[in-house]
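Inspection log for the structure reproduced underneath, given as structure tokens.
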Amino acid sequence: MTHVTAKQAMDVQALPANRRGLHIAVVTETYPPEINGVAVTIRNMLAGLMDNGHRIQLVRPRQSRTEQAADEPAFKEVLQLGFKIPRYDGLKIGLPAKRALLRLWSAQRPDLVHLVTEGPLGWSALASAIELNIPCSSDFHTHFDSYMQHYGIGWLRRPVAAYLRRFHNKTTSTLVPTSSLRENLLRRGYTDVREVPRGVDTQLFHPGRRSADLRRQWGVGPRQPVVLSVGRIAPEKNLPLVLQVFAEMRRARPAAKLVIVGDGPLQSRLKARSPDVIFTGSLRGDDLATHYACGDVFLFPSTTETYGNVTLEAMASGLAVIAYDYAAATHHIESGRNGLLAAFDDTREFTQLAVRLIKDTQRIQKLGSQARKSAEHIDWQRMHPHFEAALLDVIAAHARTSSARPMPLNQVAESGSAFSRGD
């Protein structure tokens with residue numbers, strides 16, 4: 001199974017060494033310490049850009065009243081006003097800020113504007129980049145249109161889908177993590193969609209973090225299997241199926257224990273229904289990695305993912321993953337070798353795979369070991385050059401089609417004034 005194509009590898013190897021030192025404005029409505037796949041992904045991608053000598057100006061909503069914008073040589077933040085997302089505690093949508101962004105980027109023009117999210121702040125950034133004739137790219141992270149039915153507003157699905165398509169088609173290129181998502185978007189009328197593979201932090205997520213002490217806290221011994229689920233406890237994540245499947249697994253192996261890591265609007269309801277399940281709440285960093293490594297089987301029944309970072313995190317941690325055959329799982333799991341795949345949304349097959357697996361300790365260990373070996377080939381360090389190459393291509397494509405005189409790609413501001421700090 002090929003995760004990075006030969007052509008992609010050649011494109012990265014051919015990247016000129018002197019095309020460095022860009023001023024890149026990145027606009028996102030979520031960023032760590034917020035806990036979600038988009039925040040984790042963009043943090044890792046920006047780290048790779050800075051390692052290669054680029055300077056980042058991060059525009060995002062202020063997460064708290066007392067928060068101070070980062071002001072470092074290679075990383076400066078511009079904090080904007082935002083409002084809380086209903087039923088998504090801890091996350092905000094940025095308010096429109098076109099006037100502020102026009103003023104900011106007119107004074108210190110970035111080489112590229114990269115849009116991570118499509119909310120009001122993202123739209124303001126898109127409009128500003130177009131007006132100032134700045135190269136602009138975007139990420140497609142979330143099927144927001146498919147979320148509508150899970151929140152009782154299915155009538156909004158088509159308008160939201162149309163908005164997302166219009167938003168991304170106004171950028172020079174839309175970046176996606178898999179070829180299957182690229183093909184899906186192209187069929188839906190998106191233009192210039194480019195695959196940029198993602199990675200996983202294989203040093204953080206590692207089987208060596210397994211802790212006998214934590215497992216004892218859970219009330220399990222060395223031979224008892226722990227079934228793990230990690231993610232937001234929300235309608236779109238299909239968590240009731242985890243409980244349903246685990247009930248069948250426990251009939252086959254009564255010693256099994258279920259641990260659910262995450263937080264969200266369904267947590268209270270699911271806890272009330274399942275007093276024997278351990279709910280840890282949201283975790284991050286070393287604590288999250290330790291919890292992963294203390295599991296044995298990972299259940300991921302979500303059907304709304306564009307990727308699913310938790311799949312890679314579980315693989316890197318040495319777990320036997322059971323997932324539907326789409327998104328990251330399709331591209332990184334060879335069913336029966338380094339994990340198990342059920343046909344998309346086939347709850348019967350998903351359940352059967354889980355029940356058979358929980359009976360077989362040796363197979364759990366073998367799948368987990370192979371999953372770790374696979375994850376070692378998709379460490380973030382191997383993936384960073386592809387993101388950089390995609391952004392450089394956007395700048396080059398914009399220069400070819402723009403009537404404005406392009407700025408030199410390797411032009412670097414000689415002082416820290418290349419960045420503006422805003423509140």
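Residue numbering restarts at 1 for every chain of the structure tokens, chains are lettered A, B, ... in their displayed order, and ligands are numbered from 1 as they appear.
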With a distance cut-off of 10 Å and only C-alpha atoms, select the neighbouring residues of Glu248 (chain A), excluding the residue or stretch itself and same-chain residues fewer than 6 positions from it, and output the selection as a list in words. Pro254, Thr351, Gln352, Ala354, Val355 and Ile358 of chain A
Between region 146-216 of chain A and region 301-325 of chain A, at 6 Å or less, what are the per-residue closest atom pairs and their distances in Å? Count only C-alpha atoms, order by chain and rising residue number, and return it as JSON lines.
{"residue": "A:Thr202", "atom": "CA", "partner": "A:Ala316", "partner_atom": "CA", "distance": 5.8}
{"residue": "A:Phe205", "atom": "CA", "partner": "A:Ser317", "partner_atom": "CA", "distance": 5.0}
{"residue": "A:His206", "atom": "CA", "partner": "A:Ser317", "partner_atom": "CA", "distance": 4.4}
{"residue": "A:Pro207", "atom": "CA", "partner": "A:Ser317", "partner_atom": "CA", "distance": 4.7}
Residues from the last selection, N, CA and C atoms, saved as a compact mmCIF listing (two decimals), in the first residue's frame:
# COMPACT_ATOMS: atom_id res chain seq x y z
N THR A 202 5.11 10.16 15.83
CA THR A 202 5.43 8.81 16.28
C THR A 202 6.31 8.78 17.53
N PHE A 205 3.17 9.49 20.23
CA PHE A 205 2.29 8.32 20.26
C PHE A 205 3.13 7.07 20.02
N HIS A 206 3.35 6.32 21.10
CA HIS A 206 4.32 5.23 21.07
C HIS A 206 3.90 4.13 22.04
N PRO A 207 4.03 2.86 21.65
CA PRO A 207 3.67 1.76 22.55
C PRO A 207 4.45 1.76 23.85
As a PyMOL selection string, list the residues of region 151-346 of chain A assigned to alpha helix (DSSP H) by DSSP on the backbone atoms of this structure. chain A and resi 157-169+179-187+212-217+239-252+267-273+285-293+309-316+327-332
Gly189 (chain A) environment, 9 Å, only C-alpha atoms, sequence neighbours closer than 2 positions dropped, as a list of chain:residue names: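 The contact residues come out as A:Arg165, A:Asn169, A:Leu185, A:Leu186, A:Arg187, A:Thr191.
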Please dump the current selection as a JSON list (two decimals), in the first residue's frame; keep N, CA and C atoms.
[["chain", "number", "residue", "atom", "x", "y", "z"],
["A", 165, "ARG", "N", -18.25, 24.90, -1.29],
["A", 165, "ARG", "CA", -17.71, 24.80, -2.65],
["A", 165, "ARG", "C", -17.34, 26.19, -3.19],
["A", 169, "ASN", "N", -13.46, 27.27, -4.08],
["A", 169, "ASN", "CA", -13.19, 27.53, -5.49],
["A", 169, "ASN", "C", -12.71, 28.95, -5.75],
["A", 185, "LEU", "N", -14.38, 15.56, -3.90],
["A", 185, "LEU", "CA", -14.63, 16.99, -4.07],
["A", 185, "LEU", "C", -14.69, 17.38, -5.54],
["A", 186, "LEU", "N", -13.84, 16.78, -6.37],
["A", 186, "LEU", "CA", -13.88, 17.09, -7.79],
["A", 186, "LEU", "C", -15.22, 16.69, -8.40],
["A", 187, "ARG", "N", -15.77, 15.56, -7.96],
["A", 187, "ARG", "CA", -17.08, 15.14, -8.45],
["A", 187, "ARG", "C", -18.17, 16.12, -8.03],
["A", 191, "THR", "N", -12.72, 22.79, -7.79],
["A", 191, "THR", "CA", -11.67, 22.91, -8.81],
["A", 191, "THR", "C", -10.30, 22.99, -8.15]]
From the DSSP assignment of the backbone, select every residue of region 20-247 of chain A that is strand (DSSP E), and format the answer as a ChimeraX atom specification. /A:23-27,55-61,75-80,82-85,88-94,112-115,136-139,173-176,193-195,226-230
Restricting it to N, CA and C atoms, dump the selection as a compact mmCIF listing (two decimals), in the first residue's frame.
# COMPACT_ATOMS: atom_id res chain seq x y z
N HIS A 23 6.90 34.74 4.01
CA HIS A 23 6.01 35.29 5.04
C HIS A 23 4.62 34.75 4.72
N ILE A 24 4.13 33.82 5.53
CA ILE A 24 2.88 33.13 5.27
C ILE A 24 1.85 33.50 6.34
N ALA A 25 0.73 34.06 5.90
CA ALA A 25 -0.37 34.37 6.81
C ALA A 25 -1.33 33.19 6.82
N VAL A 26 -1.58 32.64 8.00
CA VAL A 26 -2.46 31.48 8.15
C VAL A 26 -3.66 31.90 8.97
N VAL A 27 -4.85 31.63 8.46
CA VAL A 27 -6.09 32.05 9.12
C VAL A 27 -6.88 30.82 9.53
N ARG A 55 8.32 32.19 7.95
CA ARG A 55 7.73 32.93 9.06
C ARG A 55 6.22 32.88 8.97
N ILE A 56 5.60 32.66 10.11
CA ILE A 56 4.15 32.47 10.16
C ILE A 56 3.50 33.63 10.90
N GLN A 57 2.45 34.16 10.30
CA GLN A 57 1.55 35.10 10.97
C GLN A 57 0.21 34.38 11.10
N LEU A 58 -0.16 34.04 12.33
CA LEU A 58 -1.36 33.26 12.58
C LEU A 58 -2.50 34.18 13.01
N VAL A 59 -3.56 34.20 12.23
CA VAL A 59 -4.75 35.00 12.53
C VAL A 59 -5.83 34.06 13.03
N ARG A 60 -6.32 34.30 14.24
CA ARG A 60 -7.33 33.41 14.82
C ARG A 60 -8.14 34.15 15.87
N PRO A 61 -9.28 33.59 16.31
CA PRO A 61 -10.05 34.22 17.38
C PRO A 61 -9.32 34.13 18.72
N PHE A 75 7.07 33.32 14.55
CA PHE A 75 5.66 33.00 14.78
C PHE A 75 5.00 34.14 15.55
N LYS A 76 4.11 34.85 14.86
CA LYS A 76 3.40 35.95 15.49
C LYS A 76 1.91 35.78 15.26
N GLU A 77 1.15 36.14 16.27
CA GLU A 77 -0.30 35.96 16.21
C GLU A 77 -1.04 37.28 16.12
N VAL A 78 -2.15 37.23 15.42
CA VAL A 78 -3.10 38.33 15.35
C VAL A 78 -4.42 37.79 15.89
N LEU A 79 -4.84 38.27 17.04
CA LEU A 79 -6.03 37.74 17.70
C LEU A 79 -7.24 38.61 17.39
N GLN A 80 -8.30 37.97 16.95
CA GLN A 80 -9.52 38.66 16.56
C GLN A 80 -10.67 38.26 17.50
N GLY A 82 -14.28 36.67 18.52
CA GLY A 82 -15.03 35.52 18.08
C GLY A 82 -16.21 35.27 19.00
N PHE A 83 -17.05 34.30 18.64
CA PHE A 83 -18.16 33.93 19.51
C PHE A 83 -18.23 32.41 19.60
N LYS A 84 -18.76 31.92 20.71
CA LYS A 84 -18.79 30.49 20.96
C LYS A 84 -19.73 29.78 19.98
N ILE A 85 -19.33 28.57 19.59
CA ILE A 85 -20.15 27.74 18.73
C ILE A 85 -21.15 26.99 19.61
N TYR A 88 -20.64 23.34 21.11
CA TYR A 88 -19.22 23.04 20.96
C TYR A 88 -18.43 23.87 21.94
N ASP A 89 -18.50 23.49 23.21
CA ASP A 89 -17.80 24.24 24.25
C ASP A 89 -16.30 24.30 23.95
N GLY A 90 -15.73 25.49 24.16
CA GLY A 90 -14.30 25.66 23.98
C GLY A 90 -13.90 26.07 22.59
N LEU A 91 -14.83 26.09 21.63
CA LEU A 91 -14.51 26.50 20.27
C LEU A 91 -15.25 27.77 19.92
N LYS A 92 -14.62 28.59 19.10
CA LYS A 92 -15.22 29.85 18.69
C LYS A 92 -15.17 30.01 17.18
N ILE A 93 -16.09 30.81 16.67
CA ILE A 93 -16.06 31.25 15.27
C ILE A 93 -15.58 32.69 15.26
N GLY A 94 -14.64 33.00 14.42
CA GLY A 94 -14.14 34.37 14.33
C GLY A 94 -15.16 35.28 13.67
N LEU A 112 1.77 34.72 0.94
CA LEU A 112 0.67 33.78 0.74
C LEU A 112 -0.29 33.88 1.92
N VAL A 113 -1.57 33.73 1.64
CA VAL A 113 -2.59 33.58 2.68
C VAL A 113 -3.12 32.16 2.59
N HIS A 114 -3.05 31.43 3.69
CA HIS A 114 -3.55 30.06 3.73
C HIS A 114 -4.73 29.97 4.69
N LEU A 115 -5.87 29.50 4.21
CA LEU A 115 -7.11 29.46 4.98
C LEU A 115 -7.38 28.04 5.47
N CYS A 136 -3.63 32.73 -2.56
CA CYS A 136 -4.46 32.21 -1.47
C CYS A 136 -4.75 30.73 -1.69
N SER A 137 -4.52 29.94 -0.66
CA SER A 137 -4.83 28.51 -0.68
C SER A 137 -5.74 28.18 0.49
N SER A 138 -6.30 26.98 0.48
CA SER A 138 -7.20 26.60 1.57
C SER A 138 -7.05 25.11 1.89
N ASP A 139 -7.44 24.75 3.11
CA ASP A 139 -7.53 23.35 3.53
C ASP A 139 -9.00 22.96 3.57
N SER A 173 -5.95 26.96 -4.80
CA SER A 173 -5.89 25.51 -4.66
C SER A 173 -6.44 25.12 -3.30
N THR A 174 -7.17 23.99 -3.27
CA THR A 174 -7.69 23.43 -2.03
C THR A 174 -6.90 22.18 -1.70
N LEU A 175 -6.36 22.11 -0.49
CA LEU A 175 -5.51 20.99 -0.08
C LEU A 175 -6.31 19.99 0.73
N VAL A 176 -6.17 18.72 0.40
CA VAL A 176 -6.88 17.64 1.09
C VAL A 176 -5.89 16.53 1.43
N VAL A 193 -8.02 20.81 -6.77
CA VAL A 193 -7.89 20.15 -5.47
C VAL A 193 -6.59 19.34 -5.49
N ARG A 194 -5.77 19.52 -4.46
CA ARG A 194 -4.46 18.87 -4.42
C ARG A 194 -4.33 18.02 -3.17
N GLU A 195 -3.81 16.82 -3.34
CA GLU A 195 -3.58 15.93 -2.20
C GLU A 195 -2.27 16.28 -1.50
N VAL A 226 -8.25 -3.91 26.84
CA VAL A 226 -8.89 -2.60 26.96
C VAL A 226 -9.28 -2.13 25.57
N VAL A 227 -10.56 -1.83 25.42
CA VAL A 227 -11.08 -1.28 24.16
C VAL A 227 -11.16 0.24 24.34
N LEU A 228 -10.60 0.95 23.38
CA LEU A 228 -10.46 2.40 23.50
C LEU A 228 -11.22 3.12 22.40
N SER A 229 -11.78 4.26 22.75
CA SER A 229 -12.37 5.19 21.78
C SER A 229 -11.89 6.59 22.14
N VAL A 230 -11.43 7.35 21.14
CA VAL A 230 -10.92 8.71 21.37
C VAL A 230 -11.58 9.66 20.39
Pick the closest to Thr401 (chain A) from A:Leu121, A:Ile134, A:Ile364, A:Leu102: which is it, counting only C-alpha atoms? A:Ile134
Report as number ranges by chain all protein, DNA and RNA residues lying within 8 Å of Phe387 (chain A), evaluated on only C-alpha atoms, omitting residues in the same chain fewer than 3 positions from it. A: 45, 196-197, 383-384, 390-391
Can you tell me, as a ChimeraX atom specification, what residues are no more than 12 Å from Glu131 (chain A) when counting only C-alpha atoms, ignoring any on the same chain fewer than 3 positions away? /A:98-99,101-103,105-106,124-128,134-136,170,404
From the list A:His168, A:His398, A:His377, A:Arg372, which residue is nearest Ala293 (chain A) when using only C-alpha atoms? A:Arg372
Determine, counting only C-alpha atoms, which protein, DNA and RNA residues have an atom within 8 Å of an atom of Gly199 (chain A); residues of the same chain fewer than 3 positions away are not included. Present the result as number ranges by chain. A: 312, 378-383
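Between CA of Ala247 (chain A) and CA of Gln370 (chain A) the separation is 26.7 Å.
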Gap from CA of Gly281 (chain A) to CA of Pro240 (chain A) - Å, one decimal: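 Rounded to one decimal, the two atoms are 16.6 Å apart.
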Coordinates-based distance that separates CA of Asn238 (chain A) from CA of Thr347 (chain A) (Å, one decimal): 10.7 Å
Given only C-alpha atoms as the basis, pick out the residue of A:Pro225, A:Trp123, A:Cys294, A:Pro73 nearest to Ala252 (chain A). A:Pro225
